[in-house]
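Undergrad: Dropping a structure here in structure tokens format, bear with me for questions.
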Amino acid sequence: AGGDEEDAGSQLLAVGAGGCFTATLGNRSTQARYYTSQADVTALLSRLASGGGGDEVALAAGGAADEAAEPRLPNAMERAQLLRIQSRLKRCLTPAFCLDYDGTLAPIVTNPAAARLPDGVAALLQQLSDRHPTAIVSGRAVEKLQAWVDVPGVYYAGSHGFEIRGPNGSQLNYTVAAQLLPEVRRALEVLHAKLAPIPGVQIEDNKFVASVHTRNVSAADLPAVDAVVNGLLEEQPLLTRTAGIHVIEVRPQIHWHKGKAMGWLIKCMCEMLGLPSGADSRKATAMPIFIGDDVSDEDAFAELRGGRGIPIVVRAEAPLRRSTAAELWLRDPQQVAEFLAMFLNS
């Protein structure tokens with residue numbers, strides 16, 4: 001298994017009797033301490049079951065040799081993929097864009113409060129939303145998204161979809177789990193009080209989500225952050241914990257996520273355009289194109305697999321096919337903007 005500091009070679013795990021460790025399969029964007037591959041998991045369980053290796057178990061880091069030969073996602077800007085997208089869009093009336101904010105439209109920055117759209121992106125979104133239904137689907141609060149994007153024709157789904165608002169002038173205003181908002185307020189108070197002594201922790205109020213940013217927290221202090229969050233959830237069972245890239249989020253424990261929010265948004269978009277919006281008919285009306293970079297976006301990617309839409313993940317390099325539910329990838333926010341600009345004349 002590989003750790004944060006060691007992406008190749010092997011790392012020795014000292015697991016004593018009664019001990020434990022956490023690992024994630026394939027996708028490294030989690031709060032787990034190690035990442036590993038399917039083959040490594042099989043080997044590890046076999047070794048542990050046979051009692052081999054005593055208290056120490058060594059595994060290759062992430063199956064580096066195997067990964068080199070594994071298929072990776074194609075880039076959405078490749079000519080062949082653009083032709084495939086064009087062919088799929090011929091089956092419907094319009095694409096419908098659902099876009100994450102951080103790491104997708106805006107670059108990731110050290111201070112989460114400073115994340116802003118690059119020059120020209122707001123104008124691009126304005127032109128895009130004039131032609132096709134366009135939504136921002138983010139973990140940020142709706143009010144922040146509206147202030148930072150400031151494009152009248154865009155839909156907003158904030159707090160991972162717990163609050164949805166339509167374009168300026170529309171009556172669309174939908175809230176999920178409003179009764180649990182006081183629980184999130186209390187959680188924020190506890191987190192501020194108990195995490196204040198830990199250097200580098202940044203706590204963000206995203207209305208229905210309490211975001212604990214750990215990008216600037218040392219590895220030595222991360223267990224203390226985990227302990228505080230886990231202790232909070234023991235006292236507030238109506239809330240749950242999810243993980244993203246350098247962030248732990250506490251939110252209402254209900255079956256609602258970006259994928260569910262996206263489906264509801266597409267329905268509303270069709271209705272507001274006066275187009276068929278039923279579960280079956282809207283498949284021929286609007287083709288969802290979801291672009292995101294974080295773990296929470298996987299819920300939306302999964303909803304679109306099997307021809308139900310076009311899920312695109314943003315990564316610095318082509319990800320393994322098995323590591324994500326997305327079908328295509330883009331390199332960074334700049335390439336996302338280049339991709340979106342191609343739809344201005346469609």
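By convention here, the chains of the structure tokens are called A, B, ... in the order presented, each chain's residues are numbered starting at 1, and ligands are numbered starting at 1 in the order presented.
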Name the residues in contact with segment 188-190 of chain A at a cut-off of 8 Å, using only C-alpha atoms, excluding same-chain residues fewer than 4 positions from it; report them as a count of residues only.

TA: 6

Undergrad: Using only C-alpha atoms, I'd like a table of the residues in segment 204-295 of chain A that come within 12 Å of segment 166-175 of chain A; for each, show the closest atom pair and its distance in Å rounded to one decimal, ordered by chain and ascending number, as JSON lines.

TA:
```
{"residue": "A:Lys207", "atom": "CA", "partner": "A:Thr175", "partner_atom": "CA", "distance": 11.3}
{"residue": "A:Phe208", "atom": "CA", "partner": "A:Thr175", "partner_atom": "CA", "distance": 9.7}
{"residue": "A:Trp256", "atom": "CA", "partner": "A:Thr175", "partner_atom": "CA", "distance": 11.2}
{"residue": "A:Ala261", "atom": "CA", "partner": "A:Tyr174", "partner_atom": "CA", "distance": 10.1}
{"residue": "A:Trp264", "atom": "CA", "partner": "A:Tyr174", "partner_atom": "CA", "distance": 9.9}
{"residue": "A:Leu265", "atom": "CA", "partner": "A:Gly166", "partner_atom": "CA", "distance": 9.0}
{"residue": "A:Ile266", "atom": "CA", "partner": "A:Gly166", "partner_atom": "CA", "distance": 11.5}
{"residue": "A:Lys267", "atom": "CA", "partner": "A:Leu172", "partner_atom": "CA", "distance": 11.8}
{"residue": "A:Cys268", "atom": "CA", "partner": "A:Leu172", "partner_atom": "CA", "distance": 8.2}
{"residue": "A:Met269", "atom": "CA", "partner": "A:Gly166", "partner_atom": "CA", "distance": 8.7}
{"residue": "A:Glu271", "atom": "CA", "partner": "A:Leu172", "partner_atom": "CA", "distance": 10.9}
{"residue": "A:Met272", "atom": "CA", "partner": "A:Ser170", "partner_atom": "CA", "distance": 8.8}
{"residue": "A:Leu273", "atom": "CA", "partner": "A:Ser170", "partner_atom": "CA", "distance": 11.7}
```

Undergrad: Hey, can you check how far atom CA of Phe162 of chain A sits from atom CA of Gln179 of chain A?

TA: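 So the answer is 11.6 Å.
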
Undergrad: Name all residues at most 8 Å from Leu117 of chain A (count only C-alpha atoms; drop same-chain ones fewer than 2 positions away) and give them as a PDB file with C-alpha atoms, in the first residue's frame.

TA:
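That gives us selection25.pdb:
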```pdb
ATOM      1  CA  LEU A 105     -14.371  26.299 -12.909  1.00  0.00           C
ATOM      2  CA  ALA A 106     -12.067  27.932 -10.348  1.00  0.00           C
ATOM      3  CA  PRO A 107      -8.541  26.726  -9.503  1.00  0.00           C
ATOM      4  CA  ALA A 115     -11.441  30.814  -4.707  1.00  0.00           C
ATOM      5  CA  ASP A 119     -10.825  36.162 -15.977  1.00  0.00           C
ATOM      6  CA  VAL A 121     -15.040  32.509 -17.180  1.00  0.00           C
ATOM      7  CA  ALA A 122     -18.086  34.452 -15.946  1.00  0.00           C
ATOM      8  CA  TRP A 148     -18.816  34.717  -6.873  1.00  0.00           C
ATOM      9  CA  VAL A 149     -20.296  33.620 -10.220  1.00  0.00           C
TER      10      VAL A 149
END
```

Undergrad: From a backbone DSSP assignment, name each residue in segment 153-213 of chain A labelled helix (DSSP H, G or I), as an MDAnalysis selection string.

TA: chainID A and resid 159:161 178:195

Undergrad: Could you save the residues just selected, with C-alpha atoms, as a PDB file, in the first residue's frame?

TA:
```pdb
ATOM      1  CA  SER A 159     -24.380  22.674  -0.115  1.00  0.00           C
ATOM      2  CA  HIS A 160     -24.070  19.568  -2.321  1.00  0.00           C
ATOM      3  CA  GLY A 161     -27.589  20.133  -3.604  1.00  0.00           C
ATOM      4  CA  ALA A 178     -34.413  22.368   6.243  1.00  0.00           C
ATOM      5  CA  GLN A 179     -35.452  20.865   9.587  1.00  0.00           C
ATOM      6  CA  LEU A 180     -31.849  19.740  10.159  1.00  0.00           C
ATOM      7  CA  LEU A 181     -30.329  23.188   9.672  1.00  0.00           C
ATOM      8  CA  PRO A 182     -30.221  23.820  13.477  1.00  0.00           C
ATOM      9  CA  GLU A 183     -28.181  20.611  13.838  1.00  0.00           C
ATOM     10  CA  VAL A 184     -25.620  21.923  11.351  1.00  0.00           C
ATOM     11  CA  ARG A 185     -25.516  25.257  13.217  1.00  0.00           C
ATOM     12  CA  ARG A 186     -24.714  23.448  16.474  1.00  0.00           C
ATOM     13  CA  ALA A 187     -22.082  21.353  14.718  1.00  0.00           C
ATOM     14  CA  LEU A 188     -20.337  24.487  13.474  1.00  0.00           C
ATOM     15  CA  GLU A 189     -20.188  25.859  17.016  1.00  0.00           C
ATOM     16  CA  VAL A 190     -18.643  22.634  18.325  1.00  0.00           C
ATOM     17  CA  LEU A 191     -16.124  22.423  15.491  1.00  0.00           C
ATOM     18  CA  HIS A 192     -15.008  26.027  15.943  1.00  0.00           C
ATOM     19  CA  ALA A 193     -14.505  25.504  19.670  1.00  0.00           C
ATOM     20  CA  LYS A 194     -12.714  22.140  19.558  1.00  0.00           C
ATOM     21  CA  LEU A 195     -10.612  22.591  16.416  1.00  0.00           C
TER      22      LEU A 195
END
```

Undergrad: Excluding Ala286 of chain A and any residue of its chain fewer than 5 positions from it, enumerate the residues within 10 Å of it, using only C-alpha atoms, and give them as a VMD selection string.

TA: chain A and resid 89 91 to 97 132 to 133 266 to 267 269 to 270 275 to 277 281 309

Undergrad: Include C-alpha atoms and write out the residues we just selected as an mmCIF file, in the first residue's frame.

TA:
```
data_model
loop_
_atom_site.group_PDB
_atom_site.id
_atom_site.type_symbol
_atom_site.label_atom_id
_atom_site.label_comp_id
_atom_site.auth_asym_id
_atom_site.auth_seq_id
_atom_site.Cartn_x
_atom_site.Cartn_y
_atom_site.Cartn_z
ATOM 1 C CA LEU A 89 -26.166 15.151 -28.505
ATOM 2 C CA ARG A 91 -30.395 12.370 -29.913
ATOM 3 C CA CYS A 92 -31.683 15.251 -27.751
ATOM 4 C CA LEU A 93 -32.729 18.890 -28.064
ATOM 5 C CA THR A 94 -29.985 20.435 -25.927
ATOM 6 C CA PRO A 95 -27.063 19.658 -23.625
ATOM 7 C CA ALA A 96 -27.623 20.623 -19.980
ATOM 8 C CA PHE A 97 -24.443 21.561 -18.130
ATOM 9 C CA HIS A 132 -28.092 25.906 -23.009
ATOM 10 C CA PRO A 133 -29.384 25.188 -19.474
ATOM 11 C CA ILE A 266 -32.617 18.664 -15.201
ATOM 12 C CA LYS A 267 -36.347 18.151 -14.593
ATOM 13 C CA MET A 269 -34.709 23.052 -16.486
ATOM 14 C CA CYS A 270 -36.960 21.186 -18.917
ATOM 15 C CA LEU A 275 -40.000 21.035 -22.785
ATOM 16 C CA PRO A 276 -41.063 17.483 -21.841
ATOM 17 C CA SER A 277 -39.794 16.814 -18.314
ATOM 18 C CA SER A 281 -39.323 11.927 -22.067
ATOM 19 C CA GLY A 309 -25.353 11.548 -19.761
#
```

Undergrad: From the options A:Phe343, A:Ala135, A:Ala337, A:Pro223, which residue's atoms come nearest to Ile85 of chain A, counting only C-alpha atoms?

TA: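 With only C-alpha atoms as the atom set, the closest residue is A:Phe343.
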